[in-house]
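Participant: Handing you a structure now.
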Amino acid sequence: MALLDKLSTVTPDRYSILENAVIPLRDGVRLYARIWLPEEAQQTPVPAVLEFLPYRRRDGTAARDESTYPVFAQSGYAGVRVDLRGHGDSQGLIEDEYSSVELADAIEVIAWIAEQTWCTGSVGMMGISWGGFNSLQVAALRPPALKAVISLSTSTDRYNDDIHYKNGCHLAANFYWSATMLSYGSRPPDPDVVGEAWKSQWLSRLEKIDLPLLTWVTHQRRDQYWEHGSVGDDWSALAVPILAIGGWADGYRNAPPDLVANLVTPTKAINGPWIHKYPHFAWPKPRLDFHAEAVRWWDRWLKGVSNGADQLPAYRAYLSEKVPAGSEWRSDEPGNWVALDEWPSTDIQQRVFYFNEKGTLGDQPNNDVLHTISTPQDCGVSSGEYFTLKPDAELAGDQREDDADSLCFETDPLDGPLDILGRPTVQLDVGIDQKYGNLAIRLVDVHPDGTCHRVSLGVINLAHRAGNKKPRAMRVGQITNVTVRLDETGHCFQVGHRIRVAISTSYWPYILPPPFVVTATIKTGDKSSLNLPVLMHRKQVVMPEPASNELVPDYPMISQPVSRRTVEKDFATDMTRFLIYEDTGLAVHPQNGIQFQEIRRETWEIDRNDPLSVTAVAHLTALRSRDSWHVRTEIKQTLSVDECFYFLEAELESYEGGQHVLHRKWEKAIKRDFT
């Protein structure tokens, strides 16, 4: 195929754009791509960078793609942004996230790119979240042309470090993500790209797509389903250089140091203060000049330039400090960048604080005393969300309300600053009055004014205390020693601040409750402690920020975005409701003319005294239009429980020009599997 003869956009900036390239797969499915080609590629081949996603290249990720791939093209790289099968304009049907078919398709796409006349045969793979996951998973399969990876907001353990489960606890985000992916999978291809076939292609998707939650809730243990794609189960499979990036304000923060610690191949890690966004436009600031960082990585491993990228520190991390607690927009986060030449580092030493009888954290253990805690079911309303896209109420808020319902241990005001970097751990002598139950353990920075910032979080279903493959029931009333790893963090506790550990038996709506009220007994003494990874010496570094804050194009808006997070408490009935409303606003892509909008309405409800009262309802609306073409899909999904089952229901409604096209419905009871 004479690809360069079909360029649909030529820019004055030394690159051209192929808007709708077709990549044929062996099974006959055609994938669609948007390709940025450097001017010199017409005479001299260049390396290429692939991003392989379900998020629709012509509207969903168009703005962020347009912030990055022109920079890559001007630096001598072809940027290839491909929609997965069954998404955007690509044919076929998606099976599940990170399926064997998806990874096999990616390998075919990499081979196709390497064979093009404009490519040197060297390919990098990049992505954030889904694209960060599949970049690592594809790399583990070792396609010959794949030479390097940049993986952001990623995971090496699909069970414990993704949006579904965490240490045996069922994350509420699992519910949200199912509705989101059903919505993405039900959106139509663009008639301007695929022509009259758009309708039949759309109907095929609508008729065959399945509800993701039915699969994910079926696998409540870390079985083979989750082992697939968990690259940390076989570190030796990863043989290409990897740059891994994450953020403290995101749920995906553990993988970068895990990759550096376990891989032999050249690997570098960065953790900044950011939400779930590329760091050149993420919040809170300071941002990172991701483009320069990425181009340096590609230059070293795709072009063979000796530029020192392989000599960078193993781990560069931001030490946050004096982080304001609350749900106001967090535009900036005070702190400093530090660098460690090796990870794990001998410059990290464990400092132990013991849980003591009077609710204190001390350097020495004292008397063994039993403390009991049974938190209200709505403890956790300030938990924030796992998947953070804005630095406001999506982040954990002031922890005082949740701490008031929890069992807390804290230090005296600090007489000197304390830098921590790594994963705090909590060791507890604990017993419960049921065969299983959840604990949520929060590391909190208590400011002198009393406000409380959550530094790190760990959750555990105690039946999973010895592993997630074969849970083991607790012996009722028996004290057992349990170790809980909290999430990776970089934080400086300031002079005059207190370090607090807050322990609760519920953390709603972040995790779903067990089917009964749980009372936990914590025994203080030498076997109950907080272990902090203390950074003994700061090696501060400068991390260049983007030269401009206007790196992502602003599209014309027909209607403006709206975002709300609301908690309602009915004191007459003891019901608590957590309500989410997100409207992206109606935007117009200035080149292809497509108008697009998503609206999310989500309601969680629980009786403070009854875990079986928990319910969730999600309603997602997705609109696409251009001129006389108007398409809308509506996703409605609900969750309720009893002692033995999750009850899942969902409906998919689709409309063209206001006319009903198709209705699908799912309804299933799935047995709860805590032990």
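Naming scheme: A, B, ... for chains in displayed order of the structure tokens; residues 1 onward per chain; ligands 1 onward as shown.
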Any idea what's packed within 7 Å of range 642-647 of chain A, counting only C-alpha atoms, ignoring anything in its chain fewer than 2 positions away? Could you give it as a list of chain:residue names?

Facilitator: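 Counting only C-alpha atoms, the residues come to A:Pro515, A:Leu612, A:Leu639, A:Ser640, A:Glu649, A:Lys668, A:Ala669, A:Ile670, A:Lys671, A:Arg672.
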
Participant: Leaving out Pro256 in chain A and any residue of its chain fewer than 4 positions from it, which residues lie within 6 Å of it when counting only C-alpha atoms, given as a CSV table (one decimal) with C-alpha atoms, in the first residue's frame?

Facilitator:
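Resulting contents of result_30.csv:
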chain,number,residue,atom,x,y,z
A,244,ALA,CA,7.2,3.8,34.1
A,245,ILE,CA,5.4,6.9,35.4
A,269,ALA,CA,10.6,5.1,37.4

Participant: Of the candidates A:Arg253, A:Arg26, A:Arg330, A:Arg187, which shows the shortest atom-to-atom distance to Pro286 in chain A, using only C-alpha atoms?

Facilitator: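 Closest residue, counting only C-alpha atoms: A:Arg330.
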
Participant: So what do you get for CA of Pro47 in chain A versus CA of Val82 in chain A, distance-wise?

Facilitator: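 So the answer is 16.3 Å.
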
Participant: Assign secondary structure with DSSP using the backbone only, and return the residues of range 20-178 of chain A in helix (DSSP H, G or I) as number ranges by chain.

Facilitator: A: 39-42, 62-74, 100-115, 130-140, 173-178

Participant: Can you pull out the residues contacting Phe516 in chain A? Cut-off 10 Å, using only C-alpha atoms, and skip same-chain residues under 3 positions away; I want them as a JSON list (two decimals) with N, CA and C atoms, in the first residue's frame.

Facilitator:
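selection_35.json was written with the following content:
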[["chain", "number", "residue", "atom", "x", "y", "z"],
["A", 434, "GLN", "N", -16.39, -12.38, 62.95],
["A", 434, "GLN", "CA", -16.96, -13.07, 61.80],
["A", 434, "GLN", "C", -15.85, -13.87, 61.12],
["A", 436, "TYR", "N", -14.93, -13.61, 58.06],
["A", 436, "TYR", "CA", -14.15, -12.71, 57.23],
["A", 436, "TYR", "C", -14.68, -11.31, 57.42],
["A", 437, "GLY", "N", -13.90, -10.34, 57.04],
["A", 437, "GLY", "CA", -14.28, -8.94, 57.18],
["A", 437, "GLY", "C", -13.19, -8.06, 56.62],
["A", 513, "PRO", "N", -19.05, -3.58, 51.35],
["A", 513, "PRO", "CA", -19.00, -4.22, 52.67],
["A", 513, "PRO", "C", -19.25, -5.72, 52.58],
["A", 519, "THR", "N", -17.04, -6.53, 63.91],
["A", 519, "THR", "CA", -16.33, -5.88, 65.01],
["A", 519, "THR", "C", -14.92, -6.44, 65.05],
["A", 609, "ASN", "N", -26.27, 1.18, 59.45],
["A", 609, "ASN", "CA", -26.26, 0.03, 60.34],
["A", 609, "ASN", "C", -26.41, -1.31, 59.63],
["A", 610, "ASP", "N", -26.55, -1.29, 58.29],
["A", 610, "ASP", "CA", -26.91, -2.51, 57.58],
["A", 610, "ASP", "C", -26.12, -2.66, 56.29],
["A", 611, "PRO", "N", -25.10, -3.52, 56.25],
["A", 611, "PRO", "CA", -24.31, -3.69, 55.03],
["A", 611, "PRO", "C", -25.10, -4.31, 53.88],
["A", 612, "LEU", "N", -26.19, -5.01, 54.18],
["A", 612, "LEU", "CA", -27.00, -5.60, 53.11],
["A", 612, "LEU", "C", -27.86, -4.57, 52.40],
["A", 642, "ASP", "N", -27.53, -9.60, 48.77],
["A", 642, "ASP", "CA", -28.04, -10.20, 50.00],
["A", 642, "ASP", "C", -26.88, -10.94, 50.65],
["A", 643, "GLU", "N", -27.14, -11.81, 51.58],
["A", 643, "GLU", "CA", -26.05, -12.47, 52.30],
["A", 643, "GLU", "C", -25.19, -13.34, 51.39]]

Participant: For CA of Ser151 in chain A and CA of Arg205 in chain A, determine how far apart the two atoms are, in Å to one decimal place.

Facilitator: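 Separation of CA of Ser151 in chain A and CA of Arg205 in chain A: 29.3 Å.
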
Participant: Set out as a Markdown table a contact list for range 544-624 of chain A and range 367-380 of chain A with a cut-off of 10 Å, giving each residue of range 544-624 of chain A that qualifies its closest atom pair and distance in Å to one decimal, counting only C-alpha atoms, ordered by chain and rising residue number.

Facilitator:
| residue | atom | partner | partner_atom | distance |
| --- | --- | --- | --- | --- |
| A:Lys569 | CA | A:Asp378 | CA | 9.7 |
| A:Asp574 | CA | A:Asp378 | CA | 9.7 |
| A:Met575 | CA | A:Asp378 | CA | 8.8 |
| A:Thr576 | CA | A:Asp378 | CA | 6.7 |
| A:Arg577 | CA | A:Asp378 | CA | 8.9 |
| A:Phe578 | CA | A:Asp378 | CA | 9.5 |
| A:Glu605 | CA | A:Asp378 | CA | 8.9 |
| A:Ile606 | CA | A:Asp378 | CA | 6.8 |
| A:Asp607 | CA | A:Gln377 | CA | 6.9 |
| A:Arg608 | CA | A:Gln377 | CA | 4.6 |
| A:Asn609 | CA | A:Gln377 | CA | 6.0 |
| A:Asp610 | CA | A:Gln377 | CA | 6.9 |
| A:Pro611 | CA | A:Gln377 | CA | 6.3 |
| A:Leu612 | CA | A:Gln377 | CA | 9.9 |
| A:Ser613 | CA | A:Gln377 | CA | 9.6 |
| A:Val614 | CA | A:Gln377 | CA | 9.0 |

Participant: Counting only C-alpha atoms, which residue out of A:Gly658, A:Gly195, A:Gly467, A:Pro279 sits closest to Asn167 in chain A?

Facilitator: A:Gly467

Participant: Give me every strand (DSSP E or B) residue in range 261-422 of chain A, going by DSSP on the backbone, as a ChimeraX atom specification.

Facilitator: /A:267-272,285,315-321,332,335-340,348-355,360-362,370-373,407-410,418-422

Participant: I need the residues from that last selection saved to file as a compact mmCIF listing (two decimals), in the first residue's frame (with C-alpha atoms), if you can.

Facilitator:
# COMPACT_ATOMS: atom_id res chain seq x y z
CA THR A 267 14.12 0.51 33.67
CA LYS A 268 13.43 3.95 35.14
CA ALA A 269 10.58 5.11 37.38
CA ILE A 270 8.94 8.46 38.06
CA ASN A 271 6.17 9.21 40.57
CA GLY A 272 4.84 12.76 40.70
CA LYS A 285 1.39 21.00 39.62
CA TYR A 315 13.72 6.35 40.71
CA ARG A 316 12.74 10.02 40.65
CA ALA A 317 9.91 10.88 43.02
CA TYR A 318 8.11 13.91 44.33
CA LEU A 319 8.04 14.40 48.10
CA SER A 320 4.75 16.17 48.79
CA GLU A 321 4.41 18.28 51.91
CA ASP A 332 -0.49 23.02 43.18
CA GLY A 335 7.17 19.63 47.76
CA ASN A 336 10.48 18.69 46.19
CA TRP A 337 11.80 16.21 43.63
CA VAL A 338 14.34 13.64 44.82
CA ALA A 339 16.36 11.02 42.99
CA LEU A 340 17.65 7.60 44.02
CA ILE A 348 15.65 3.99 52.80
CA GLN A 349 15.49 2.78 56.39
CA GLN A 350 12.47 1.44 58.23
CA ARG A 351 11.25 3.39 61.22
CA VAL A 352 8.86 1.56 63.51
CA PHE A 353 6.05 3.18 65.48
CA TYR A 354 4.15 0.92 67.87
CA PHE A 355 0.43 1.09 68.55
CA THR A 360 -0.61 6.76 70.56
CA LEU A 361 2.16 5.81 68.15
CA GLY A 362 5.44 5.45 70.00
CA LEU A 370 -7.40 -4.74 73.44
CA HIS A 371 -9.15 -2.05 71.41
CA THR A 372 -12.39 -2.79 69.59
CA ILE A 373 -13.84 -1.04 66.56
CA LEU A 407 -9.83 3.60 65.67
CA CYS A 408 -6.91 6.04 65.54
CA PHE A 409 -3.34 6.01 66.81
CA GLU A 410 -1.11 9.05 66.40
CA LEU A 418 10.21 13.12 58.33
CA ASP A 419 10.60 12.13 54.68
CA ILE A 420 9.06 8.85 53.60
CA LEU A 421 9.32 7.16 50.21
CA GLY A 422 8.02 3.69 49.51

Participant: In Å, with one decimal, what is the gap from CA of Glu19 in chain A to CA of Gly304 in chain A?

Facilitator: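 Going from CA of Glu19 in chain A over to CA of Gly304 in chain A, I get 29.3 Å.
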
Participant: For Glu328 in chain A, find every residue with an atom within 9 Å (counting only C-alpha atoms), except residues of its own chain fewer than 4 positions away, and show them as a list of chain:residue names.

Facilitator: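 The filter keeps A:Pro324, A:Pro391, A:Asp392, A:Ala393, A:Gly397.
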
Participant: For a quick check of understanding, using only C-alpha atoms, which of A:Phe72, A:Leu93, A:Ala292, A:Asp526 has the smallest distance to Leu206 in chain A?

Facilitator: A:Leu93

Participant: Looking at only C-alpha atoms, which of A:Lys277, A:Glu394, A:Lys527, A:His464 is the one that sits closest to Gln364 in chain A?

Facilitator: A:Lys527
